[in-house]
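Enquirer: Next comes the structure file protein23.txt, holding compact mmCIF, C-alpha atoms.
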```txt
# COMPACT_ATOMS: atom_id res chain seq x y z
CA MET A 9 14.02 -16.42 8.26
CA THR A 10 13.88 -19.39 10.57
CA ASP A 11 14.47 -22.07 8.00
CA THR A 12 17.88 -22.50 6.50
CA LEU A 13 18.07 -23.72 2.93
CA LYS A 14 19.69 -26.88 4.21
CA SER A 15 16.85 -27.60 6.61
CA ILE A 16 14.27 -27.00 3.87
CA CYS A 17 16.20 -29.22 1.51
CA ASP A 18 16.39 -31.97 4.14
CA ARG A 19 12.61 -31.91 4.35
CA CYS A 20 12.15 -32.05 0.58
CA SER A 21 11.77 -35.81 0.26
CA HIS A 22 11.36 -35.81 -3.52
CA LEU A 23 14.55 -33.85 -3.97
CA SER A 24 16.62 -36.08 -1.74
CA ASP A 25 15.19 -39.24 -3.32
CA PRO A 26 14.16 -38.21 -6.85
CA ARG A 27 11.99 -40.68 -8.74
CA LEU A 28 12.24 -39.81 -12.39
CA ASP A 29 9.94 -42.57 -13.64
CA PHE A 30 8.09 -39.99 -15.72
CA LEU A 31 11.05 -39.86 -18.09
CA PRO A 32 10.70 -42.14 -21.12
CA PRO A 33 13.46 -44.77 -21.37
CA GLU A 34 15.02 -42.97 -24.34
CA PHE A 35 15.65 -39.89 -22.16
CA ALA A 36 18.77 -41.35 -20.56
CA LEU A 37 20.82 -38.18 -21.10
CA HIS A 38 17.99 -35.99 -19.79
CA ARG A 39 17.87 -38.14 -16.65
CA GLU A 40 21.62 -37.84 -16.17
CA ILE A 41 21.48 -34.04 -16.50
CA ILE A 42 18.54 -33.67 -14.12
CA LEU A 43 20.15 -35.92 -11.50
CA ARG A 44 23.43 -33.99 -11.78
CA ASP A 45 21.60 -30.67 -11.36
CA ILE A 46 19.70 -31.99 -8.34
CA ARG A 47 22.99 -33.03 -6.73
CA GLU A 48 24.44 -29.58 -7.40
CA LEU A 49 21.28 -27.94 -6.07
CA ILE A 50 21.47 -29.89 -2.83
CA ALA A 51 25.13 -28.91 -2.47
CA ALA A 52 24.26 -25.25 -3.06
CA ALA A 53 21.43 -25.41 -0.52
CA SER A 54 23.69 -27.05 2.05
CA ALA A 55 26.12 -24.16 1.56
CA GLU A 56 23.25 -21.63 1.90
CA ASN A 57 23.99 -20.21 -1.57
CA GLU A 58 20.69 -18.46 -2.20
CA LYS A 59 21.22 -17.11 -5.69
CA THR A 60 22.63 -20.41 -6.94
CA VAL A 61 19.62 -22.22 -5.51
CA VAL A 62 17.17 -19.84 -7.23
CA ILE A 63 18.83 -20.23 -10.62
CA LEU A 64 19.46 -23.96 -10.43
CA ALA A 65 16.00 -24.78 -9.05
CA GLY A 66 14.43 -22.64 -11.78
CA CYS A 67 16.52 -24.44 -14.36
CA LEU A 68 15.40 -27.79 -12.93
CA ILE A 69 11.73 -26.83 -13.02
CA GLU A 70 12.17 -25.99 -16.69
CA SER A 71 14.03 -29.27 -17.32
CA VAL A 72 11.35 -31.34 -15.59
CA LEU A 73 8.54 -29.64 -17.53
CA TYR A 74 10.50 -29.88 -20.79
CA CYS A 75 10.83 -33.64 -20.41
CA PHE A 76 7.42 -34.28 -18.91
CA ILE A 77 5.43 -32.33 -21.52
CA GLN A 78 7.45 -33.91 -24.32
CA GLY A 79 6.60 -37.33 -22.95
CA GLN A 80 2.90 -36.50 -22.65
CA GLN A 81 2.23 -35.23 -26.19
CA GLU A 82 -0.21 -38.06 -26.82
CA TYR A 83 -2.24 -37.26 -23.71
CA ILE A 84 -2.26 -33.51 -24.42
CA SER A 85 -3.36 -34.18 -28.01
CA PHE A 86 -6.17 -36.33 -26.66
CA ARG A 87 -7.25 -33.56 -24.26
CA ARG A 88 -7.18 -30.75 -26.83
CA GLY A 89 -8.75 -32.74 -29.66
CA ALA A 90 -5.95 -31.99 -32.13
CA PRO A 91 -2.30 -32.96 -32.39
CA PHE A 92 -0.02 -31.29 -29.87
CA GLN A 93 3.49 -30.77 -31.07
CA PHE A 94 6.11 -30.10 -28.42
CA ASN A 95 8.26 -27.08 -29.17
CA PRO A 96 11.70 -27.35 -27.51
CA ASP A 97 12.30 -23.63 -28.07
CA HIS A 98 9.34 -22.43 -26.05
CA THR A 99 9.75 -20.47 -22.85
CA LEU A 100 9.37 -21.61 -19.27
CA GLU A 101 6.24 -19.45 -19.16
CA ASN A 102 4.77 -21.52 -21.98
CA TYR A 103 5.66 -24.84 -20.29
CA VAL A 104 4.11 -23.66 -17.02
CA GLY A 105 0.96 -22.66 -18.91
CA VAL A 106 0.72 -26.03 -20.67
CA PHE A 107 1.29 -27.91 -17.40
CA ASN A 108 -1.32 -25.93 -15.47
CA ARG A 109 -3.86 -26.21 -18.28
CA TYR A 110 -3.68 -29.93 -18.99
CA PHE A 111 -2.54 -31.44 -15.69
CA ARG A 112 -4.23 -29.36 -12.99
CA GLU A 113 -7.12 -31.80 -12.91
CA VAL A 114 -4.94 -34.86 -12.48
CA VAL A 115 -2.47 -33.34 -10.01
CA PRO A 116 -4.51 -30.58 -8.33
CA ASP A 117 -1.93 -30.33 -5.55
CA VAL A 118 0.70 -29.05 -7.97
CA VAL A 119 -0.41 -25.76 -9.48
CA LEU A 120 2.58 -23.73 -10.59
CA PRO A 121 2.18 -20.02 -9.70
CA ASP A 122 3.32 -17.31 -12.13
CA VAL A 123 5.97 -16.33 -9.62
CA VAL A 124 8.04 -19.37 -10.69
CA VAL A 125 8.94 -17.60 -13.92
CA GLN A 126 9.77 -14.38 -12.08
CA TYR A 127 12.12 -16.28 -9.78
CA ARG A 128 13.85 -18.11 -12.63
CA ASN A 129 14.27 -14.79 -14.43
CA LEU A 130 16.34 -13.46 -11.52
CA VAL A 131 19.23 -14.84 -13.57
CA HIS A 132 19.10 -11.43 -15.28
CA ILE A 133 20.67 -8.77 -13.08
CA ASN A 134 18.08 -6.14 -14.03
CA ARG A 135 15.33 -8.41 -12.72
CA GLU A 136 17.06 -8.70 -9.37
CA ILE A 137 17.74 -4.98 -9.20
CA ASN A 138 14.04 -4.33 -9.87
CA SER A 139 12.86 -6.71 -7.15
CA PRO A 140 12.44 -6.14 -3.41
CA SER A 141 15.66 -6.34 -1.46
CA GLY A 142 16.30 -9.83 -0.18
CA ILE A 143 14.34 -11.38 -3.03
CA CYS A 144 16.83 -14.24 -3.33
CA THR A 145 16.32 -15.11 0.34
CA SER A 146 12.58 -15.67 -0.05
CA ALA A 147 12.73 -16.89 -3.67
CA SER A 148 15.29 -19.59 -2.89
CA ARG A 149 13.09 -21.02 -0.16
CA GLU A 150 9.89 -20.95 -2.18
CA ILE A 151 11.39 -22.31 -5.38
CA LEU A 152 12.94 -25.26 -3.51
CA ARG A 153 9.51 -26.16 -2.18
CA ILE A 154 7.89 -25.66 -5.60
CA LEU A 155 10.44 -27.96 -7.25
CA ASP A 156 9.94 -30.60 -4.56
CA ALA A 157 6.16 -30.42 -5.01
CA LEU A 158 6.55 -30.71 -8.79
CA LEU A 159 8.79 -33.77 -8.48
CA GLY A 160 6.25 -35.23 -6.03
CA GLY A 161 3.45 -34.62 -8.55
CA MET A 162 5.48 -36.25 -11.32
CA ALA A 163 6.15 -39.28 -9.13
CA LYS A 164 2.44 -39.54 -8.37
CA LEU A 165 1.55 -39.38 -12.06
CA SER A 166 3.99 -42.14 -12.84
CA GLU A 167 2.26 -44.55 -10.47
CA PRO A 168 0.53 -47.39 -12.35
CA GLU A 169 -2.98 -46.37 -11.26
CA SER A 170 -2.50 -42.74 -12.35
CA ASP A 171 -5.24 -41.18 -14.50
CA VAL A 172 -2.75 -39.76 -16.96
CA GLU A 173 -1.18 -43.15 -17.57
CA SER A 174 -4.54 -44.67 -18.39
CA VAL A 175 -5.61 -41.81 -20.64
CA GLY A 176 -2.20 -41.64 -22.25
CA SER A 177 -2.37 -45.28 -23.20
CA CYS A 178 -5.70 -44.89 -25.01
CA MET B 163 -29.66 -41.62 -37.57
CA PRO B 164 -27.36 -40.53 -34.74
CA ASP B 165 -29.02 -39.32 -31.58
CA LEU B 166 -28.69 -35.74 -30.33
CA ALA B 167 -26.03 -36.60 -27.78
CA GLU B 168 -23.82 -38.04 -30.52
CA LEU B 169 -24.35 -34.98 -32.71
CA ASN B 170 -23.47 -32.75 -29.80
CA LEU B 171 -20.31 -34.75 -29.09
CA ALA B 172 -19.25 -34.55 -32.72
CA SER B 173 -19.84 -30.82 -32.75
CA ARG B 174 -17.88 -30.35 -29.53
CA ALA B 175 -15.01 -32.41 -30.86
CA GLY B 176 -15.02 -30.31 -34.03
CA GLU B 177 -14.97 -27.09 -32.02
CA ALA B 178 -12.14 -28.39 -29.82
CA ARG B 179 -10.12 -29.27 -32.93
CA ILE B 180 -10.66 -25.81 -34.46
CA ARG B 181 -9.74 -24.17 -31.15
CA ALA B 182 -6.54 -26.21 -30.97
CA LEU B 183 -5.60 -25.27 -34.56
CA LEU B 184 -6.26 -21.58 -33.84
CA GLU B 185 -4.21 -21.80 -30.65
CA ASP B 186 -1.31 -23.15 -32.70
CA VAL B 187 -1.54 -20.06 -34.94
CA VAL B 188 -1.68 -17.76 -31.91
CA GLN B 189 1.27 -19.51 -30.29
CA GLU B 190 3.31 -18.87 -33.42
CA HIS B 191 2.49 -15.18 -33.15
CA VAL B 192 3.53 -14.79 -29.51
CA GLY B 193 6.88 -13.05 -29.56
CA VAL B 194 7.15 -13.12 -33.36
CA TYR B 195 7.65 -9.33 -33.46
CA PRO B 196 10.05 -8.28 -30.68
CA GLN B 197 8.85 -4.65 -30.78
CA ASN B 198 5.16 -5.52 -31.09
CA LYS B 199 4.12 -8.19 -28.61
CA LEU B 200 0.89 -10.07 -29.07
CA ALA B 201 -1.54 -8.67 -26.50
CA LEU B 202 -4.83 -10.32 -27.40
CA ALA B 203 -6.17 -13.08 -29.64
CA VAL B 204 -9.92 -13.55 -29.95
CA TRP B 205 -11.79 -16.19 -31.92
CA PHE B 206 -14.92 -14.35 -33.00
CA GLY B 207 -18.03 -15.13 -35.03
CA LYS B 208 -17.60 -18.77 -34.06
CA SER B 209 -19.33 -21.17 -36.41
CA ALA B 210 -18.99 -24.60 -37.94
CA GLY B 211 -18.14 -23.05 -41.31
CA VAL B 212 -14.96 -23.58 -43.30
CA THR B 213 -13.65 -20.12 -42.43
CA GLN B 214 -12.87 -19.06 -38.87
CA ASN B 215 -12.19 -15.51 -37.68
CA LEU B 216 -9.38 -14.36 -35.45
CA LEU B 217 -8.68 -10.90 -34.07
CA GLU B 218 -5.10 -10.23 -33.01
CA LEU B 219 -4.01 -7.06 -31.24
CA PHE B 220 -0.36 -6.15 -30.86
CA SER B 221 1.40 -3.65 -28.64
CA GLY B 222 3.16 -0.62 -30.10
CA THR B 223 2.44 1.07 -33.39
CA VAL B 224 1.36 -1.21 -36.20
CA GLY B 225 -0.76 1.18 -38.26
CA ASP B 226 -4.20 2.68 -37.85
CA ARG B 227 -6.23 -0.09 -39.46
CA PHE B 228 -6.77 -3.83 -39.35
CA VAL B 229 -4.56 -5.84 -41.67
CA GLU B 230 -6.31 -8.93 -43.04
CA THR B 231 -4.62 -12.25 -43.74
CA ARG B 232 -6.13 -15.58 -44.77
CA PHE B 233 -4.57 -19.04 -44.81
CA SER B 234 -5.32 -22.66 -44.12
CA LEU B 235 -5.40 -23.80 -40.51
CA LEU B 236 -3.54 -26.87 -41.71
CA TRP B 237 -0.55 -24.68 -42.66
CA LYS B 238 1.80 -26.77 -40.56
CA THR B 239 1.32 -29.70 -42.93
CA GLY B 240 1.79 -27.51 -46.00
CA SER B 241 -1.84 -27.99 -46.98
CA ASP B 242 -3.97 -25.23 -48.45
CA SER B 243 -7.30 -26.87 -47.76
CA PRO B 244 -10.11 -25.97 -45.31
CA PRO B 245 -10.59 -24.97 -42.58
CA PHE B 246 -9.25 -21.47 -43.19
CA VAL B 247 -8.63 -18.59 -40.83
CA ASP B 248 -9.20 -14.91 -41.56
CA ILE B 249 -7.00 -12.85 -39.25
CA ARG B 250 -7.63 -9.18 -38.55
CA ALA B 251 -4.47 -7.80 -36.94
CA GLY B 252 -4.20 -4.33 -35.44
CA SER B 253 -2.73 -2.42 -32.55
CA VAL B 254 -4.09 -2.18 -29.03
CA ARG B 255 -3.98 1.60 -29.37
CA TYR B 256 -6.04 1.62 -32.57
CA PHE B 257 -8.58 -0.78 -31.09
CA SER B 258 -8.89 1.37 -27.95
CA GLU B 259 -9.43 4.48 -30.04
CA GLN B 260 -12.11 2.76 -32.12
CA LEU B 261 -13.73 1.44 -28.96
CA ALA B 262 -14.05 4.97 -27.64
CA THR B 263 -15.20 6.64 -30.84
CA ASN B 264 -16.69 4.01 -33.13
CA ARG B 265 -17.68 0.98 -31.08
CA ALA B 266 -20.41 -0.08 -33.52
CA ALA B 267 -17.76 -0.82 -36.13
CA LEU B 268 -16.17 -3.31 -33.75
CA GLY B 269 -19.43 -5.05 -32.82
CA HIS B 270 -18.69 -8.20 -34.83
CA PHE B 271 -15.55 -8.85 -32.78
CA PHE B 272 -17.67 -9.37 -29.67
CA GLU B 273 -20.25 -11.72 -31.23
CA GLY B 274 -19.70 -15.41 -30.51
CA SER B 275 -16.24 -14.60 -29.27
CA GLU B 276 -13.77 -16.54 -27.18
CA VAL B 277 -10.49 -15.17 -25.89
CA LEU B 278 -7.66 -17.56 -26.79
CA TYR B 279 -4.76 -15.50 -25.48
CA PHE B 280 -4.17 -12.30 -23.58
CA ASP B 281 -1.38 -10.43 -21.88
CA LYS B 282 -3.04 -8.21 -19.33
CA THR B 283 0.00 -6.02 -18.94
CA LEU B 284 -0.43 -4.87 -22.55
CA LEU B 285 -4.20 -4.26 -22.46
CA ASP B 286 -6.21 -1.47 -20.91
CA ALA B 287 -9.06 -2.10 -18.49
CA HIS B 288 -11.68 -1.17 -21.09
CA ILE B 289 -10.60 -3.87 -23.54
CA LEU B 290 -10.40 -6.45 -20.75
CA GLU B 291 -13.91 -5.50 -19.71
CA GLN B 292 -15.34 -5.56 -23.26
CA PHE B 293 -14.08 -9.10 -23.83
CA LYS B 294 -15.15 -10.14 -20.31
CA ILE B 295 -11.62 -11.07 -19.32
CA ARG B 296 -11.71 -11.35 -15.55
CA THR B 297 -8.32 -11.62 -13.96
CA GLU B 298 -9.30 -11.00 -10.36
CA PRO B 299 -12.35 -11.47 -8.15
CA ALA B 300 -14.32 -8.51 -6.85
CA GLY B 301 -12.87 -6.91 -3.76
CA LEU B 302 -9.43 -8.46 -4.14
CA LEU B 303 -6.77 -6.76 -2.04
CA LYS B 304 -3.33 -7.07 -3.55
CA GLY B 305 -0.07 -6.70 -1.76
CA TRP B 306 3.11 -8.26 -0.49
CA TYR B 307 4.31 -10.59 2.21
CA VAL B 308 6.97 -9.14 4.48
CA ASP B 309 8.66 -11.50 6.91
CA GLN B 310 9.42 -10.45 10.48
CA ASP B 311 13.08 -9.74 9.84
CA HIS B 312 12.42 -7.44 6.89
CA TYR B 313 9.49 -5.78 8.60
CA SER B 314 11.70 -4.91 11.59
CA ALA B 315 14.48 -3.73 9.32
CA VAL B 316 12.42 -1.16 7.40
CA HIS B 317 11.29 0.66 10.58
CA SER B 318 8.07 2.32 9.43
CA LEU B 319 4.97 1.74 7.33
CA ARG B 320 6.07 4.46 4.93
CA ASN B 321 9.31 2.60 4.37
CA VAL B 322 7.50 -0.71 3.94
CA LEU B 323 5.17 0.77 1.33
CA SER B 324 7.86 2.68 -0.51
CA THR B 325 9.99 -0.45 -0.60
CA TYR B 326 7.29 -2.70 -1.98
CA CYS B 327 4.79 -0.55 -3.91
CA VAL B 328 7.00 -0.37 -7.01
CA PHE B 329 6.97 -4.14 -7.34
CA LYS B 330 4.34 -6.47 -8.67
CA PRO B 331 1.96 -7.65 -5.92
CA GLN B 332 2.69 -11.20 -4.75
CA VAL B 333 -0.37 -12.10 -2.68
CA GLY B 334 -4.06 -11.34 -2.79
CA LEU B 335 -6.85 -11.51 -0.26
CA VAL B 336 -10.63 -11.67 -0.61
CA LYS B 337 -12.23 -10.89 2.71
CA THR B 338 -14.84 -13.38 3.88
CA SER B 339 -15.90 -11.83 7.15
CA PRO B 340 -18.01 -8.68 7.46
CA PRO B 341 -15.98 -5.70 8.65
CA THR B 342 -17.52 -5.62 12.12
CA ASP B 343 -14.22 -5.91 13.90
CA PHE B 344 -11.62 -3.64 12.38
CA GLU B 345 -8.80 -5.30 14.26
CA LYS B 346 -9.47 -8.74 12.81
CA CYS B 347 -9.75 -9.84 9.26
CA ILE B 348 -10.46 -13.22 7.68
CA GLY B 349 -10.06 -13.91 4.00
CA ILE B 350 -9.12 -16.31 1.24
CA PRO B 351 -5.47 -15.93 0.20
CA HIS B 352 -4.86 -15.73 -3.54
CA VAL B 353 -1.89 -16.06 -5.88
CA GLU B 354 -1.50 -15.40 -9.59
CA VAL B 355 -1.72 -18.39 -11.90
CA GLY B 356 -1.80 -17.75 -15.64
CA GLN B 357 -2.36 -14.00 -15.06
CA ARG B 358 -5.46 -14.71 -12.98
CA TRP B 359 -5.75 -14.36 -9.22
CA LEU B 360 -6.91 -17.76 -7.91
CA PRO B 361 -7.59 -19.01 -4.38
CA LEU B 362 -4.77 -20.83 -2.70
CA SER B 363 -5.48 -24.37 -1.53
CA SER B 364 -4.18 -25.86 1.72
CA THR B 365 -1.69 -27.92 -0.25
CA GLY B 366 -0.74 -25.03 -2.49
CA ALA B 367 0.03 -22.88 0.56
CA LYS B 368 2.83 -25.22 1.63
CA ILE B 369 5.26 -23.77 -0.91
CA HIS B 370 4.82 -20.18 0.26
CA SER B 371 7.07 -18.43 2.75
CA PHE B 372 4.18 -16.80 4.61
CA PHE B 373 2.69 -20.21 5.40
CA ASN B 374 6.00 -21.79 6.41
CA ASP B 375 7.10 -18.80 8.48
CA PHE B 376 3.80 -19.07 10.34
CA LEU B 377 4.35 -22.79 10.99
CA ASP B 378 7.83 -21.91 12.27
CA ASP B 379 6.23 -19.53 14.76
CA LYS B 380 7.54 -16.45 12.99
CA PRO B 381 4.35 -14.98 11.54
CA GLY B 382 5.04 -12.17 9.10
CA TYR B 383 2.92 -9.39 7.65
CA PHE B 384 0.72 -8.72 4.65
CA VAL B 385 1.09 -5.17 3.36
CA PHE B 386 -1.67 -4.23 0.93
CA GLU B 387 -1.85 -1.54 -1.72
CA GLY B 388 -3.39 1.49 -0.08
CA GLY B 389 -1.49 1.03 3.14
CA SER B 390 -3.29 -1.50 5.34
CA VAL B 391 -0.98 -3.80 7.25
CA TYR B 392 -1.97 -7.10 8.84
CA GLN B 393 -0.06 -9.68 10.81
CA LEU B 394 -0.73 -13.38 10.25
CA VAL B 395 -2.64 -14.99 13.09
CA GLY B 396 -3.61 -18.36 11.63
CA PHE B 397 -4.82 -20.53 8.79
CA GLU B 398 -7.89 -22.71 8.62
CA ALA B 399 -9.24 -25.01 5.91
CA ILE B 400 -13.03 -24.92 5.89
CA THR B 401 -15.91 -26.27 3.83
CA ALA B 402 -17.79 -23.26 2.51
CA PRO B 403 -19.81 -23.72 -0.71
CA GLN B 404 -21.03 -20.13 -0.31
CA TYR B 405 -17.51 -18.91 -1.14
CA ALA B 406 -17.84 -20.15 -4.73
CA ASN B 407 -19.12 -16.76 -5.86
CA LEU B 408 -16.22 -14.93 -4.18
CA VAL B 409 -13.52 -16.49 -6.34
CA LEU B 410 -12.79 -16.85 -10.06
CA GLU B 411 -12.41 -20.63 -9.87
CA PRO B 412 -14.49 -22.33 -7.18
CA SER B 413 -12.98 -25.28 -5.37
CA ARG B 414 -14.25 -28.67 -6.58
CA ASP B 415 -14.81 -29.97 -3.05
CA ASP B 416 -15.99 -26.64 -1.58
CA ARG B 417 -12.90 -26.57 0.64
CA TYR B 418 -11.19 -23.19 1.04
CA LEU B 419 -8.16 -22.02 2.92
CA GLU B 420 -8.83 -19.02 5.12
CA VAL B 421 -6.19 -16.82 6.63
CA HIS B 422 -6.82 -15.01 9.90
CA LEU B 423 -5.16 -11.62 10.22
CA ARG B 424 -4.76 -8.93 12.84
CA SER B 425 -4.68 -5.31 11.80
CA VAL B 426 -1.45 -3.60 12.77
CA LEU B 427 -2.34 -0.30 14.40
CA PRO B 428 -0.57 2.92 13.35
CA SER B 429 1.13 3.14 16.75
CA GLU B 430 2.60 -0.34 16.30
CA ARG B 431 3.71 0.50 12.78
CA SER B 432 5.76 3.46 13.84
CA ALA B 433 7.27 1.45 16.68
CA ALA B 434 8.25 -1.39 14.35
```
Mind turning this structure into C-alpha cells?

Expert:
Amino acid sequence: MTDTLKSICDRCSHLSDPRLDFLPPEFALHREIILRDIRELIAAASAENEKTVVILAGCLIESVLYCFIQGQQEYISFRRGAPFQFNPDHTLENYVGVFNRYFREVVPDVVLPDVVVQYRNLVHINREINSPSGICTSASREILRILDALLGGMAKLSEPESDVESVGSC
Amino acid sequence: MPDLAELNLASRAGEARIRALLEDVVQEHVGVYPQNKLALAVWFGKSAGVTQNLLELFSGTVGDRFVETRFSLLWKTGSDSPPFVDIRAGSVRYFSEQLATNRAALGHFFEGSEVLYFDKTLLDAHILEQFKIRTEPAGLLKGWYVDQDHYSAVHSLRNVLSTYCVFKPQVGLVKTSPPTDFEKCIGIPHVEVGQRWLPLSSTGAKIHSFFNDFLDDKPGYFVFEGGSVYQLVGFEAITAPQYANLVLEPSRDDRYLEVHLRSVLPSERSAA
C-alpha cells in the first residue's frame, strides 16, 4: 500500500472540515457525538490504527445515515407515497438500502456499496477471521474514502439550491 | 370529468401507497424469526381491490404448506379497515419442491407480481429466475482485487486463488471488447449495491483501493473466479450508449467507466 491512513485522511476534505448542516437544530447531542467520533477517527488514522479506523468509520457512517434519514422522513414519505416512519432499531444494512433507494437520484456520486456493511461488521472477530488476510488494511482505506464521500454528499444536499431541500419543503 | 392523465396519476399514487404499506409489513418480517430468515416477499395478483396478496418465503423448515394470514394494511394505526393483505407464508424449500413437481399450483404467484424484498443468499437460482430477479448482468466475471504487496506475498496463482476463492467476490467485470487479443481486456468494472452488481461510475471508483493504487502508480491485480488473472493498465471514462444493454442499470448520461487490463501469463504467475 502506497497511501498511509494519515495521507488519505489529510486528503479527505469533508472529514477534516465536517459540515454537519444536514443535522436538524434539535440534534445538538448527535452533532456533538459525531464530531467527537470524527476527531477520534482522525487521531486513529494519524496513528495508522487500521482496525480502529474500520470500526470507527463504520460507526460514523451509521451515525450519519441514522441522523440524515431521520431528518428526511418528510421527503421519503413524499417519494414513497405513504408515511415513512424512521425506525431507530434498524440495521446499518437497512439504512444503506434506504439511502441508496431514495437519494441516489439527488446525490448520484454517493452510492454506498454493500461492502460498507461487511467492513463495519469486522467488529465481530469471526467476520475478520473469515475474511482475506489483511482485510483491515484495505478496508480501513476504502471506508475512510466512503465516509468522506458520504459527508461530501450530505454537505451538497444541505446547500440551499439542493433538490432535496426543495422537495422536502413541499 | 378528469382526463386520462389525471386518472393515471391517481392510480399510480394509489399503487405507490399500497406498495409502501406492503413494504412496511415486509420490513417488520425481516429478522422477526431468528432461525427462519425472510428470503422473499412478492406482491402478486396486483389490483386496485381492497385485498392485496403477498407471498413470503422463509429459510429453514416452516412446514410443508402455505400458512395464510389476513389483516389490515393500516395495522400500525390500530385500524381494522381496508385495504387488507392476505399473506401466504411458506418455506423456500417447500416452494422449490412445488416448483419442480407442481408448478401449475403456483401459477397465481407469478401473475401481476412484483418482488418487494429478496435475500439472494437464501434463494436458489430457479426461484430467482422464475420471479425474474436479475442480480447480475450476462457475462459478469466476479473476483477479487489483490494489491501488489499481497500478490507478491502469495507467490503463485494457486495460492492467490486458494486465499481468495472462499470469500465473497468484491469486484465484477463485464467485458466490452471482443476477445481478439487474449493479452488485453477492456471491461466495465462492477460492484455490489443492494445485492445487485451495478456498473461503477468514475466518481464511485474514487473510494476503491484498486483505483487509488493505480493512481499511486502501484497497479494491482484482478483475480477472477475460474483462475484468470489480470493486471490493471488504465481507466477511461467514455460515452457509450451501446453499453446500456450490457448492464443492469444503464447510466443516465451514457457515460461508463472502462478498465483496461493485461492478462498475466502463467509464466509470470509462477514467477510472482

Enquirer: Pull out every residue of chain A sitting within 6 Å of chain B, counting all atoms listed in the file, and send them as a list of chain:residue names.

Expert: A:Gly89, A:Ala90, A:Asp117, A:Pro121, A:Asp122, A:Glu150, A:Arg153, A:Ile154

Enquirer: Could you please determine the separation between atom CA of Ala315 of chain B and atom CA of Ile137 of chain A in Å, to one decimal place?

Expert: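 Interatomic distance, atom CA of Ala315 of chain B to atom CA of Ile137 of chain A: 18.8 Å.
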
Enquirer: If we count only C-alpha atoms and set the cut-off at 12 Å, which residues sit around His270 of chain B, ignoring sequence neighbours fewer than 2 positions away in its own chain? Please answer as an mmCIF file with C-alpha atoms, in the frame of the given file.

Expert:
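Result file follows (result.cif):
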```cif
data_model
loop_
_atom_site.group_PDB
_atom_site.id
_atom_site.type_symbol
_atom_site.label_atom_id
_atom_site.label_comp_id
_atom_site.auth_asym_id
_atom_site.auth_seq_id
_atom_site.Cartn_x
_atom_site.Cartn_y
_atom_site.Cartn_z
ATOM 1 C CA VAL B 204 -9.920 -13.550 -29.950
ATOM 2 C CA TRP B 205 -11.790 -16.190 -31.920
ATOM 3 C CA PHE B 206 -14.920 -14.350 -33.000
ATOM 4 C CA GLY B 207 -18.030 -15.130 -35.030
ATOM 5 C CA LYS B 208 -17.600 -18.770 -34.060
ATOM 6 C CA ASN B 215 -12.190 -15.510 -37.680
ATOM 7 C CA LEU B 216 -9.380 -14.360 -35.450
ATOM 8 C CA LEU B 217 -8.680 -10.900 -34.070
ATOM 9 C CA ARG B 250 -7.630 -9.180 -38.550
ATOM 10 C CA ARG B 265 -17.680 0.980 -31.080
ATOM 11 C CA ALA B 266 -20.410 -0.080 -33.520
ATOM 12 C CA ALA B 267 -17.760 -0.820 -36.130
ATOM 13 C CA LEU B 268 -16.170 -3.310 -33.750
ATOM 14 C CA PHE B 272 -17.670 -9.370 -29.670
ATOM 15 C CA GLU B 273 -20.250 -11.720 -31.230
ATOM 16 C CA GLY B 274 -19.700 -15.410 -30.510
ATOM 17 C CA SER B 275 -16.240 -14.600 -29.270
ATOM 18 C CA PHE B 293 -14.080 -9.100 -23.830
#
```

Enquirer: Listed atoms of segment 51-59 of chain A, axis-aligned box, 5 Å per side: centre and edge lengths to one decimal in Å, as AutoDock Vina command-line options?

Expert:
```
--center_x 23.4 --center_y -23.0 --center_z -1.8 --size_x 15.4 --size_y 21.8 --size_z 17.7
```

Enquirer: Choose the residue, out of B:Leu184, B:Cys347, B:Ala201, B:Val194, that has the smallest atom-to-atom separation from Ser390 of chain B; count only C-alpha atoms.

Expert: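 For Ser390 of chain B, the nearest of the given residues is B:Cys347.
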
Enquirer: Determine, counting all atoms listed in the file, which protein, DNA and RNA residues have an atom within 12 Å of an atom of Ile133 of chain A; residues of the same chain fewer than 6 positions away are not included. Present the result as a tab-separated table (two decimals) with C-alpha atoms, keeping the file's coordinate frame.

Expert:
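result-v7.tsv written:
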```
chain	number	residue	atom	x	y	z
A	59	LYS	CA	21.22	-17.11	-5.69
A	63	ILE	CA	18.83	-20.23	-10.62
A	127	TYR	CA	12.12	-16.28	-9.78
A	139	SER	CA	12.86	-6.71	-7.15
A	144	CYS	CA	16.83	-14.24	-3.33
```

Enquirer: Can I get a file of segment 100-119 of chain A from the given structure, C-alpha atoms kept, as a PDB file, in the first residue's frame?

Expert:
```pdb
ATOM      1  CA  LEU A 100     -26.922  -0.378   9.014  1.00  0.00           C
ATOM      2  CA  GLU A 101     -27.898  -2.563   6.056  1.00  0.00           C
ATOM      3  CA  ASN A 102     -31.400  -1.120   6.199  1.00  0.00           C
ATOM      4  CA  TYR A 103     -30.136   2.482   6.421  1.00  0.00           C
ATOM      5  CA  VAL A 104     -27.813   1.910   3.459  1.00  0.00           C
ATOM      6  CA  GLY A 105     -30.741   0.476   1.488  1.00  0.00           C
ATOM      7  CA  VAL A 106     -32.994   3.437   2.315  1.00  0.00           C
ATOM      8  CA  PHE A 107     -30.254   5.923   1.416  1.00  0.00           C
ATOM      9  CA  ASN A 108     -29.437   4.283  -1.915  1.00  0.00           C
ATOM     10  CA  ARG A 109     -33.104   3.937  -2.831  1.00  0.00           C
ATOM     11  CA  TYR A 110     -34.316   7.448  -2.102  1.00  0.00           C
ATOM     12  CA  PHE A 111     -31.212   9.604  -2.532  1.00  0.00           C
ATOM     13  CA  ARG A 112     -29.292   8.030  -5.410  1.00  0.00           C
ATOM     14  CA  GLU A 113     -31.020  10.360  -7.846  1.00  0.00           C
ATOM     15  CA  VAL A 114     -30.198  13.505  -5.918  1.00  0.00           C
ATOM     16  CA  VAL A 115     -26.624  12.565  -4.985  1.00  0.00           C
ATOM     17  CA  PRO A 116     -25.617  10.125  -7.743  1.00  0.00           C
ATOM     18  CA  ASP A 117     -21.962  10.490  -6.777  1.00  0.00           C
ATOM     19  CA  VAL A 118     -22.592   8.851  -3.411  1.00  0.00           C
ATOM     20  CA  VAL A 119     -23.804   5.295  -3.896  1.00  0.00           C
TER      21      VAL A 119
END
```
